[in-house]
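Asks: mmCIF, C-alpha atoms, saved as data31.cif, coming up:
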```cif
data_query
loop_
_atom_site.group_PDB
_atom_site.id
_atom_site.type_symbol
_atom_site.label_atom_id
_atom_site.label_comp_id
_atom_site.auth_asym_id
_atom_site.auth_seq_id
_atom_site.Cartn_x
_atom_site.Cartn_y
_atom_site.Cartn_z
ATOM 1 C CA MET P 1 26.843 -5.788 28.354
ATOM 2 C CA SER P 2 24.675 -7.977 30.547
ATOM 3 C CA ARG P 3 21.807 -6.448 28.587
ATOM 4 C CA ALA P 4 22.540 -8.702 25.633
ATOM 5 C CA ARG P 5 22.309 -11.752 27.875
ATOM 6 C CA THR P 6 19.158 -10.765 29.742
ATOM 7 C CA ALA P 7 17.211 -9.755 26.624
ATOM 8 C CA PRO P 8 15.266 -12.658 25.123
ATOM 9 C CA PRO P 9 16.793 -13.611 21.761
ATOM 10 C CA SER P 10 13.457 -13.152 19.962
ATOM 11 C CA ARG P 11 13.260 -9.477 20.969
ATOM 12 C CA LEU P 12 14.982 -6.970 18.732
ATOM 13 C CA ARG P 13 14.711 -4.175 21.299
ATOM 14 C CA SER P 14 16.817 -3.517 24.356
ATOM 15 C CA PRO P 15 15.050 -3.584 27.761
ATOM 16 C CA LEU P 16 15.554 0.177 28.091
ATOM 17 C CA GLY P 17 14.176 0.755 24.600
ATOM 18 C CA ARG P 18 11.174 -1.387 25.438
ATOM 19 C CA ALA P 19 10.548 0.478 28.682
ATOM 20 C CA ARG P 20 10.699 3.837 26.934
ATOM 21 C CA GLY P 21 8.749 2.613 23.932
ATOM 22 C CA LEU P 22 10.894 4.825 21.734
ATOM 23 C CA GLY P 23 13.542 4.076 19.121
ATOM 24 C CA SER P 24 16.314 6.230 17.770
ATOM 25 C CA ALA P 25 13.727 8.101 15.682
ATOM 26 C CA LYS P 26 11.425 8.328 18.747
ATOM 27 C CA GLU P 27 9.407 5.568 17.212
ATOM 28 C CA GLY P 28 9.209 1.848 17.826
ATOM 29 C CA VAL P 29 10.603 -0.773 15.499
ATOM 30 C CA GLU P 30 7.253 -2.597 15.631
ATOM 31 C CA HIS P 31 5.800 -0.329 12.945
ATOM 32 C CA TRP P 32 8.575 -1.211 10.507
ATOM 33 C CA ILE P 33 8.336 -4.937 11.198
ATOM 34 C CA ALA P 34 4.525 -5.003 11.004
ATOM 35 C CA GLN P 35 4.643 -3.185 7.663
ATOM 36 C CA ARG P 36 6.980 -5.855 6.249
ATOM 37 C CA ILE P 37 5.011 -8.788 7.677
ATOM 38 C CA THR P 38 1.741 -7.496 6.224
ATOM 39 C CA ALA P 39 3.556 -6.781 2.916
ATOM 40 C CA VAL P 40 4.770 -10.390 2.668
ATOM 41 C CA ALA P 41 1.272 -11.660 3.541
ATOM 42 C CA LEU P 42 -0.271 -9.412 0.894
ATOM 43 C CA VAL P 43 1.836 -10.840 -1.971
ATOM 44 C CA PRO P 44 -0.166 -14.096 -2.276
ATOM 45 C CA LEU P 45 -3.374 -12.468 -0.991
ATOM 46 C CA ALA P 46 -3.295 -9.718 -3.640
ATOM 47 C CA LEU P 47 -2.539 -12.191 -6.446
ATOM 48 C CA TRP P 48 -5.443 -14.369 -5.288
ATOM 49 C CA PHE P 49 -7.667 -11.302 -5.085
ATOM 50 C CA VAL P 50 -6.995 -10.263 -8.699
ATOM 51 C CA ALA P 51 -7.549 -13.819 -9.965
ATOM 52 C CA ALA P 52 -10.753 -14.037 -7.911
ATOM 53 C CA MET P 53 -12.015 -10.692 -9.210
ATOM 54 C CA ILE P 54 -11.445 -11.847 -12.802
ATOM 55 C CA GLY P 55 -13.538 -14.904 -11.927
ATOM 56 C CA VAL P 56 -16.494 -12.864 -10.628
ATOM 57 C CA VAL P 57 -16.532 -10.141 -13.316
ATOM 58 C CA GLY P 58 -20.131 -9.087 -13.850
ATOM 59 C CA ALA P 59 -21.506 -11.593 -11.329
ATOM 60 C CA ASP P 60 -25.122 -10.955 -10.345
ATOM 61 C CA TYR P 61 -26.363 -10.586 -6.761
ATOM 62 C CA ASP P 62 -27.156 -14.256 -6.128
ATOM 63 C CA THR P 63 -23.913 -15.511 -7.713
ATOM 64 C CA MET P 64 -21.914 -13.010 -5.671
ATOM 65 C CA GLN P 65 -23.648 -13.905 -2.388
ATOM 66 C CA ASP P 66 -22.995 -17.583 -3.066
ATOM 67 C CA TRP P 67 -19.346 -17.004 -3.979
ATOM 68 C CA VAL P 68 -18.410 -14.785 -1.018
ATOM 69 C CA GLY P 69 -20.117 -17.203 1.360
ATOM 70 C CA ARG P 70 -18.077 -20.212 0.223
ATOM 71 C CA PRO P 71 -15.366 -21.236 2.737
ATOM 72 C CA LEU P 72 -12.238 -20.469 0.694
ATOM 73 C CA PRO P 73 -13.256 -17.028 -0.624
ATOM 74 C CA ALA P 74 -14.654 -16.113 2.816
ATOM 75 C CA ILE P 75 -11.477 -17.090 4.667
ATOM 76 C CA VAL P 76 -9.091 -15.461 2.176
ATOM 77 C CA LEU P 77 -11.221 -12.298 1.961
ATOM 78 C CA VAL P 78 -11.109 -11.923 5.764
ATOM 79 C CA LEU P 79 -7.327 -12.409 5.751
ATOM 80 C CA LEU P 80 -7.037 -9.952 2.860
ATOM 81 C CA LEU P 81 -9.133 -7.329 4.672
ATOM 82 C CA ILE P 82 -7.063 -7.628 7.861
ATOM 83 C CA ALA P 83 -3.694 -7.461 6.040
ATOM 84 C CA THR P 84 -4.833 -4.708 3.660
ATOM 85 C CA PHE P 85 -6.178 -2.286 6.249
ATOM 86 C CA TYR P 86 -3.377 -2.987 8.726
ATOM 87 C CA HIS P 87 -0.830 -2.307 5.951
ATOM 88 C CA ALA P 88 -2.775 0.754 4.740
ATOM 89 C CA ALA P 89 -2.953 2.256 8.253
ATOM 90 C CA LEU P 90 0.808 1.827 8.690
ATOM 91 C CA GLY P 91 1.644 3.208 5.245
ATOM 92 C CA LEU P 92 -0.701 6.185 5.475
ATOM 93 C CA GLN P 93 0.738 6.960 8.924
ATOM 94 C CA VAL P 94 4.212 7.324 7.386
ATOM 95 C CA VAL P 95 2.854 9.642 4.691
ATOM 96 C CA ILE P 96 1.010 11.743 7.288
ATOM 97 C CA GLU P 97 4.092 11.978 9.506
ATOM 98 C CA ASP P 98 6.082 13.220 6.512
ATOM 99 C CA TYR P 99 3.675 15.885 5.300
ATOM 100 C CA VAL P 100 1.450 16.985 8.193
ATOM 101 C CA HIS P 101 3.341 19.387 10.394
ATOM 102 C CA GLY P 102 2.188 20.442 13.818
ATOM 103 C CA GLU P 103 1.960 17.758 16.456
ATOM 104 C CA LEU P 104 -1.762 18.017 17.140
ATOM 105 C CA ALA P 105 -2.773 17.887 13.455
ATOM 106 C CA ARG P 106 -0.378 15.002 12.838
ATOM 107 C CA ILE P 107 -1.611 12.917 15.747
ATOM 108 C CA GLY P 108 -5.200 13.781 14.830
ATOM 109 C CA CYS P 109 -4.736 12.598 11.234
ATOM 110 C CA VAL P 110 -3.040 9.364 12.303
ATOM 111 C CA VAL P 111 -5.818 8.617 14.795
ATOM 112 C CA VAL P 112 -8.551 9.312 12.203
ATOM 113 C CA VAL P 113 -6.814 7.139 9.584
ATOM 114 C CA ARG P 114 -6.430 4.295 12.093
ATOM 115 C CA LEU P 115 -10.063 4.487 13.165
ATOM 116 C CA VAL P 116 -11.277 4.559 9.547
ATOM 117 C CA CYS P 117 -9.051 1.585 8.645
ATOM 118 C CA VAL P 118 -10.307 -0.418 11.638
ATOM 119 C CA ALA P 119 -13.926 0.488 10.816
ATOM 120 C CA LEU P 120 -13.532 -0.496 7.134
ATOM 121 C CA ALA P 121 -11.827 -3.781 8.014
ATOM 122 C CA ILE P 122 -14.565 -4.684 10.505
ATOM 123 C CA ALA P 123 -17.324 -3.681 8.057
ATOM 124 C CA GLY P 124 -15.803 -5.862 5.335
ATOM 125 C CA ILE P 125 -15.241 -8.810 7.683
ATOM 126 C CA VAL P 126 -18.805 -8.628 9.048
ATOM 127 C CA ALA P 127 -20.161 -8.552 5.475
ATOM 128 C CA VAL P 128 -18.124 -11.611 4.461
ATOM 129 C CA LEU P 129 -18.946 -13.537 7.636
ATOM 130 C CA SER P 130 -22.657 -12.758 7.400
ATOM 131 C CA LEU P 131 -22.649 -14.343 3.936
ATOM 132 C CA ALA P 132 -20.429 -17.252 4.996
ATOM 133 C CA LEU P 133 -22.577 -18.031 8.046
ATOM 134 C CA GLY P 134 -25.858 -17.505 6.201
ATOM 135 C CA VAL P 135 -26.894 -14.576 8.397
ATOM 136 C CA ALA P 136 -27.424 -12.225 5.449
ATOM 137 C CA ASP P 137 -30.669 -12.325 3.491
ATOM 138 C CA MET E 138 37.256 29.358 -0.893
ATOM 139 C CA ALA E 139 40.169 30.496 -3.077
ATOM 140 C CA ASP E 140 38.100 32.489 -5.584
ATOM 141 C CA ASN E 141 35.986 34.444 -3.118
ATOM 142 C CA LYS E 142 35.462 37.877 -4.656
ATOM 143 C CA THR E 143 34.740 39.609 -1.373
ATOM 144 C CA SER E 144 36.993 40.122 1.557
ATOM 145 C CA GLN E 145 34.432 38.659 3.954
ATOM 146 C CA PRO E 146 35.538 35.892 6.256
ATOM 147 C CA ALA E 147 34.908 32.461 4.766
ATOM 148 C CA ALA E 148 32.296 31.649 7.411
ATOM 149 C CA LEU E 149 30.041 34.524 6.229
ATOM 150 C CA THR E 150 30.110 33.748 2.507
ATOM 151 C CA PRO E 151 27.598 31.220 1.247
ATOM 152 C CA ALA E 152 29.333 28.014 0.263
ATOM 153 C CA LEU E 153 28.919 27.018 -3.401
ATOM 154 C CA ARG E 154 27.568 23.619 -2.534
ATOM 155 C CA PRO E 155 24.658 22.064 -4.417
ATOM 156 C CA LEU E 156 21.283 22.994 -2.967
ATOM 157 C CA SER E 157 18.567 20.519 -2.131
ATOM 158 C CA PRO E 158 16.505 19.827 -5.262
ATOM 159 C CA HIS E 159 13.893 22.349 -6.345
ATOM 160 C CA LEU E 160 11.015 20.523 -8.000
ATOM 161 C CA GLN E 161 10.925 23.023 -10.893
ATOM 162 C CA ILE E 162 14.503 22.315 -11.955
ATOM 163 C CA TYR E 163 14.741 18.783 -10.621
ATOM 164 C CA ARG E 164 16.064 16.279 -13.147
ATOM 165 C CA TRP E 165 13.753 13.306 -12.829
ATOM 166 C CA GLN E 166 15.246 9.855 -12.508
ATOM 167 C CA LEU E 167 13.612 6.433 -12.650
ATOM 168 C CA THR E 168 14.478 5.739 -9.024
ATOM 169 C CA SER E 169 12.911 8.890 -7.566
ATOM 170 C CA VAL E 170 9.824 8.706 -9.790
ATOM 171 C CA MET E 171 9.288 5.080 -8.741
ATOM 172 C CA SER E 172 9.670 6.027 -5.092
ATOM 173 C CA ILE E 173 7.003 8.719 -5.440
ATOM 174 C CA LEU E 174 4.752 6.333 -7.404
ATOM 175 C CA HIS E 175 5.050 3.725 -4.651
ATOM 176 C CA ARG E 176 3.580 6.202 -2.205
ATOM 177 C CA ALA E 177 0.953 7.473 -4.643
ATOM 178 C CA SER E 178 -0.146 3.931 -5.543
ATOM 179 C CA GLY E 179 -0.342 3.056 -1.845
ATOM 180 C CA ILE E 180 -2.652 6.008 -1.207
ATOM 181 C CA ALA E 181 -4.739 5.099 -4.284
ATOM 182 C CA LEU E 182 -5.036 1.498 -3.097
ATOM 183 C CA SER E 183 -6.228 2.702 0.318
ATOM 184 C CA ALA E 184 -9.040 4.505 -1.499
ATOM 185 C CA GLY E 185 -9.638 1.307 -3.494
ATOM 186 C CA GLY E 186 -10.084 -0.495 -0.168
ATOM 187 C CA VAL E 187 -13.141 1.675 0.481
ATOM 188 C CA LEU E 188 -14.665 0.411 -2.775
ATOM 189 C CA LEU E 189 -13.880 -3.206 -1.852
ATOM 190 C CA VAL E 190 -15.673 -2.815 1.481
ATOM 191 C CA TRP E 191 -18.605 -0.985 -0.152
ATOM 192 C CA TRP E 192 -18.897 -3.848 -2.661
ATOM 193 C CA LEU E 193 -18.748 -6.597 0.021
ATOM 194 C CA VAL E 194 -21.225 -4.815 2.320
ATOM 195 C CA ALA E 195 -23.549 -4.271 -0.657
ATOM 196 C CA ALA E 196 -23.312 -7.954 -1.592
ATOM 197 C CA ALA E 197 -24.325 -8.868 1.972
ATOM 198 C CA SER E 198 -27.119 -6.297 1.812
ATOM 199 C CA VAL E 199 -30.143 -5.966 -0.519
ATOM 200 C CA PRO E 200 -29.937 -6.562 -4.323
ATOM 201 C CA GLU E 201 -30.553 -2.845 -5.005
ATOM 202 C CA ALA E 202 -27.406 -1.903 -3.059
ATOM 203 C CA TYR E 203 -25.315 -4.500 -4.887
ATOM 204 C CA ASN E 204 -26.669 -3.494 -8.290
ATOM 205 C CA ALA E 205 -25.838 0.153 -7.536
ATOM 206 C CA VAL E 206 -22.178 -0.812 -7.012
ATOM 207 C CA GLN E 207 -22.149 -3.002 -10.118
ATOM 208 C CA ASN E 208 -23.676 -0.184 -12.195
ATOM 209 C CA PHE E 209 -21.045 2.239 -10.913
ATOM 210 C CA LEU E 210 -18.231 -0.224 -11.680
ATOM 211 C CA GLY E 211 -19.661 -0.775 -15.155
ATOM 212 C CA SER E 212 -19.729 2.942 -15.962
ATOM 213 C CA TRP E 213 -16.824 4.562 -17.793
ATOM 214 C CA LEU E 214 -15.702 6.184 -14.552
ATOM 215 C CA GLY E 215 -15.880 2.850 -12.745
ATOM 216 C CA VAL E 216 -13.888 1.061 -15.438
ATOM 217 C CA LEU E 217 -11.332 3.882 -15.440
ATOM 218 C CA LEU E 218 -10.980 3.627 -11.645
ATOM 219 C CA LEU E 219 -10.656 -0.170 -11.826
ATOM 220 C CA LEU E 220 -7.987 0.185 -14.513
ATOM 221 C CA GLY E 221 -6.091 2.650 -12.324
ATOM 222 C CA TRP E 222 -6.485 0.554 -9.202
ATOM 223 C CA SER E 223 -5.376 -2.669 -10.901
ATOM 224 C CA ALA E 224 -2.292 -0.894 -12.293
ATOM 225 C CA ALA E 225 -1.618 0.628 -8.844
ATOM 226 C CA LEU E 226 -2.004 -2.788 -7.214
ATOM 227 C CA PHE E 227 0.424 -4.536 -9.565
ATOM 228 C CA TYR E 228 2.894 -1.659 -9.359
ATOM 229 C CA HIS E 229 2.768 -1.493 -5.552
ATOM 230 C CA LEU E 230 3.020 -5.299 -5.390
ATOM 231 C CA CYS E 231 6.052 -5.557 -7.703
ATOM 232 C CA ASN E 232 7.813 -2.521 -6.276
ATOM 233 C CA GLY E 233 6.980 -3.739 -2.763
ATOM 234 C CA ILE E 234 8.865 -6.962 -3.516
ATOM 235 C CA ARG E 235 11.771 -4.769 -4.713
ATOM 236 C CA HIS E 236 11.624 -2.956 -1.356
ATOM 237 C CA LEU E 237 11.579 -6.268 0.536
ATOM 238 C CA VAL E 238 14.717 -7.346 -1.359
ATOM 239 C CA TRP E 239 16.371 -4.053 -0.351
ATOM 240 C CA ASP E 240 15.370 -4.712 3.265
ATOM 241 C CA THR E 241 17.566 -7.822 3.197
ATOM 242 C CA GLY E 242 20.494 -5.590 2.212
ATOM 243 C CA HIS E 243 20.712 -6.855 -1.365
ATOM 244 C CA ALA E 244 20.606 -5.067 -4.749
ATOM 245 C CA LEU E 245 21.279 -1.648 -3.263
ATOM 246 C CA ASP E 246 23.930 -0.582 -5.788
ATOM 247 C CA LEU E 247 23.023 1.939 -8.482
ATOM 248 C CA ARG E 248 22.961 -0.572 -11.359
ATOM 249 C CA SER E 249 20.717 -3.003 -9.460
ATOM 250 C CA THR E 250 18.266 -0.263 -8.516
ATOM 251 C CA TYR E 251 17.849 0.575 -12.221
ATOM 252 C CA VAL E 252 17.691 -3.053 -13.405
ATOM 253 C CA GLY E 253 15.156 -3.834 -10.671
ATOM 254 C CA GLY E 254 13.290 -0.617 -11.393
ATOM 255 C CA TRP E 255 12.784 -1.386 -15.083
ATOM 256 C CA ALA E 256 11.900 -4.982 -14.189
ATOM 257 C CA VAL E 257 9.151 -3.660 -11.899
ATOM 258 C CA VAL E 258 7.863 -1.285 -14.609
ATOM 259 C CA GLY E 259 7.781 -4.144 -17.130
ATOM 260 C CA ALA E 260 6.291 -6.732 -14.779
ATOM 261 C CA SER E 261 3.537 -4.467 -13.468
ATOM 262 C CA THR E 262 2.607 -3.394 -17.005
ATOM 263 C CA VAL E 263 2.490 -6.990 -18.283
ATOM 264 C CA LEU E 264 0.535 -8.236 -15.229
ATOM 265 C CA THR E 265 -2.023 -5.426 -15.564
ATOM 266 C CA ALA E 266 -2.440 -6.227 -19.283
ATOM 267 C CA ILE E 267 -2.816 -9.969 -18.570
ATOM 268 C CA ALA E 268 -5.408 -9.296 -15.843
ATOM 269 C CA TRP E 269 -7.505 -7.107 -18.167
ATOM 270 C CA VAL E 270 -7.263 -9.489 -21.121
ATOM 271 C CA ALA E 271 -8.315 -12.345 -18.800
ATOM 272 C CA GLY E 272 -11.089 -10.232 -17.285
ATOM 273 C CA ILE E 273 -12.506 -9.175 -20.662
ATOM 274 C CA TRP E 274 -12.120 -12.734 -21.963
ATOM 275 C CA HIS E 275 -14.111 -14.044 -18.999
ATOM 276 C CA TRP E 276 -16.682 -11.253 -19.376
ATOM 277 C CA VAL E 277 -17.259 -11.902 -23.094
ATOM 278 C CA GLY E 278 -17.018 -15.692 -22.968
#
```
Could I get this structure in the form of structure tokens?

Replies:
Amino acid sequence: MSRARTAPPSRLRSPLGRARGLGSAKEGVEHWIAQRITAVALVPLALWFVAAMIGVVGADYDTMQDWVGRPLPAIVLVLLLIATFYHAALGLQVVIEDYVHGELARIGCVVVVRLVCVALAIAGIVAVLSLALGVAD
Amino acid sequence: MADNKTSQPAALTPALRPLSPHLQIYRWQLTSVMSILHRASGIALSAGGVLLVWWLVAAASVPEAYNAVQNFLGSWLGVLLLLGWSAALFYHLCNGIRHLVWDTGHALDLRSTYVGGWAVVGASTVLTAIAWVAGIWHWVG
């Protein structure tokens, strides 16, 4: 019972659970929490994104370069890319773990999905930042 | 157990309990369909993320690359995909909020899951319609 006293109040895991890195389902609680945090972040980000996309319907190359490079769109797009691909990696992992049987194939699929999500997020962020910082063109 | 026709011991006779649902004879309900759609829309939106990155990278690249994306998005296939992705986004967004409410331990009774479910169907449909009317309005005007 001293465990409850020694564990920092901000931590939801017991010291033993943290040391093992496993939960009751052999999986950490961090995945669940991160999925919810990114979900909450994506509510305003997604609504902004749709409104922004309506605003740039049919925009030509120069208009688009100018718009993405402006501070507000650039900042929100970077936040959107981080939250989106983090959330996507977590969600797709759950789907893979449900349907891909065989440990090697499952781990392989999760690793590939994570790498692709990280690569896409970085590609999108670099594109936005290059326009925001005037590196592109 | 009382109406077993054979004289086998009870442990050897298959119990007449309901089986897990077979998809062919499964009676669909709003709640299960919405659960499946949440997953499907999430996967679709992940694919939509590829388009978003392609579009942003193209915009930071040469005009030819950007125009190629714009031409694709303006084609009937592109418009169809955008329609699907916008509907998937609003559905996943609204149903995601429903999931977040559940995570707080609220609205988990059967009636609330149906009321919330229909609210999500209505809200995502209306939001998708508003977005497309606004988009076409902005495009024309």

Asks: With the file shown as input, list the residues that the PyMOL selection byres ((chain E) within 8 of (chain P)) selects, as a ChimeraX atom specification.

Replies: /E:176,179-180,183,186-187,189-191,193-194,196-200,203-204,207,226,230,233,237,268,271-272,275-276

Asks: Could you tell me, as a PyMOL selection string, exactly which residues end up selected when the PyMOL selection byres ((chain E and resi 247-258) around 8) is applied to this structure?

Replies: chain E and resi 167-168+171+228+231-232+235+244-246+259-262

Asks: Using Å and a single decimal, report how far atom CA of Asp98 of chain P sits from atom CA of Pro155 of chain E.

Replies: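 Distance reported for this atom pair: 23.3 Å.
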
Asks: Of the candidates E:Trp192, E:Trp239, E:Phe209, E:Trp269, which one gets nearest to Ser223 of chain E if we count all atoms listed in the file?

Replies: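 So, comparing all the options, the nearest one is E:Trp269.
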
Asks: Just how far from atom CA of Val78 of chain P is atom CA of Trp48 of chain P, in Å to one decimal?

Replies: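 Pair atom CA of Trp48 of chain P / atom CA of Val78 of chain P returns 12.7 Å.
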
Asks: State, in Å with one decimal place, the distance from atom CA of Leu79 of chain P to atom CA of Leu45 of chain P.

Replies: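 Distance reported for this atom pair: 7.8 Å.
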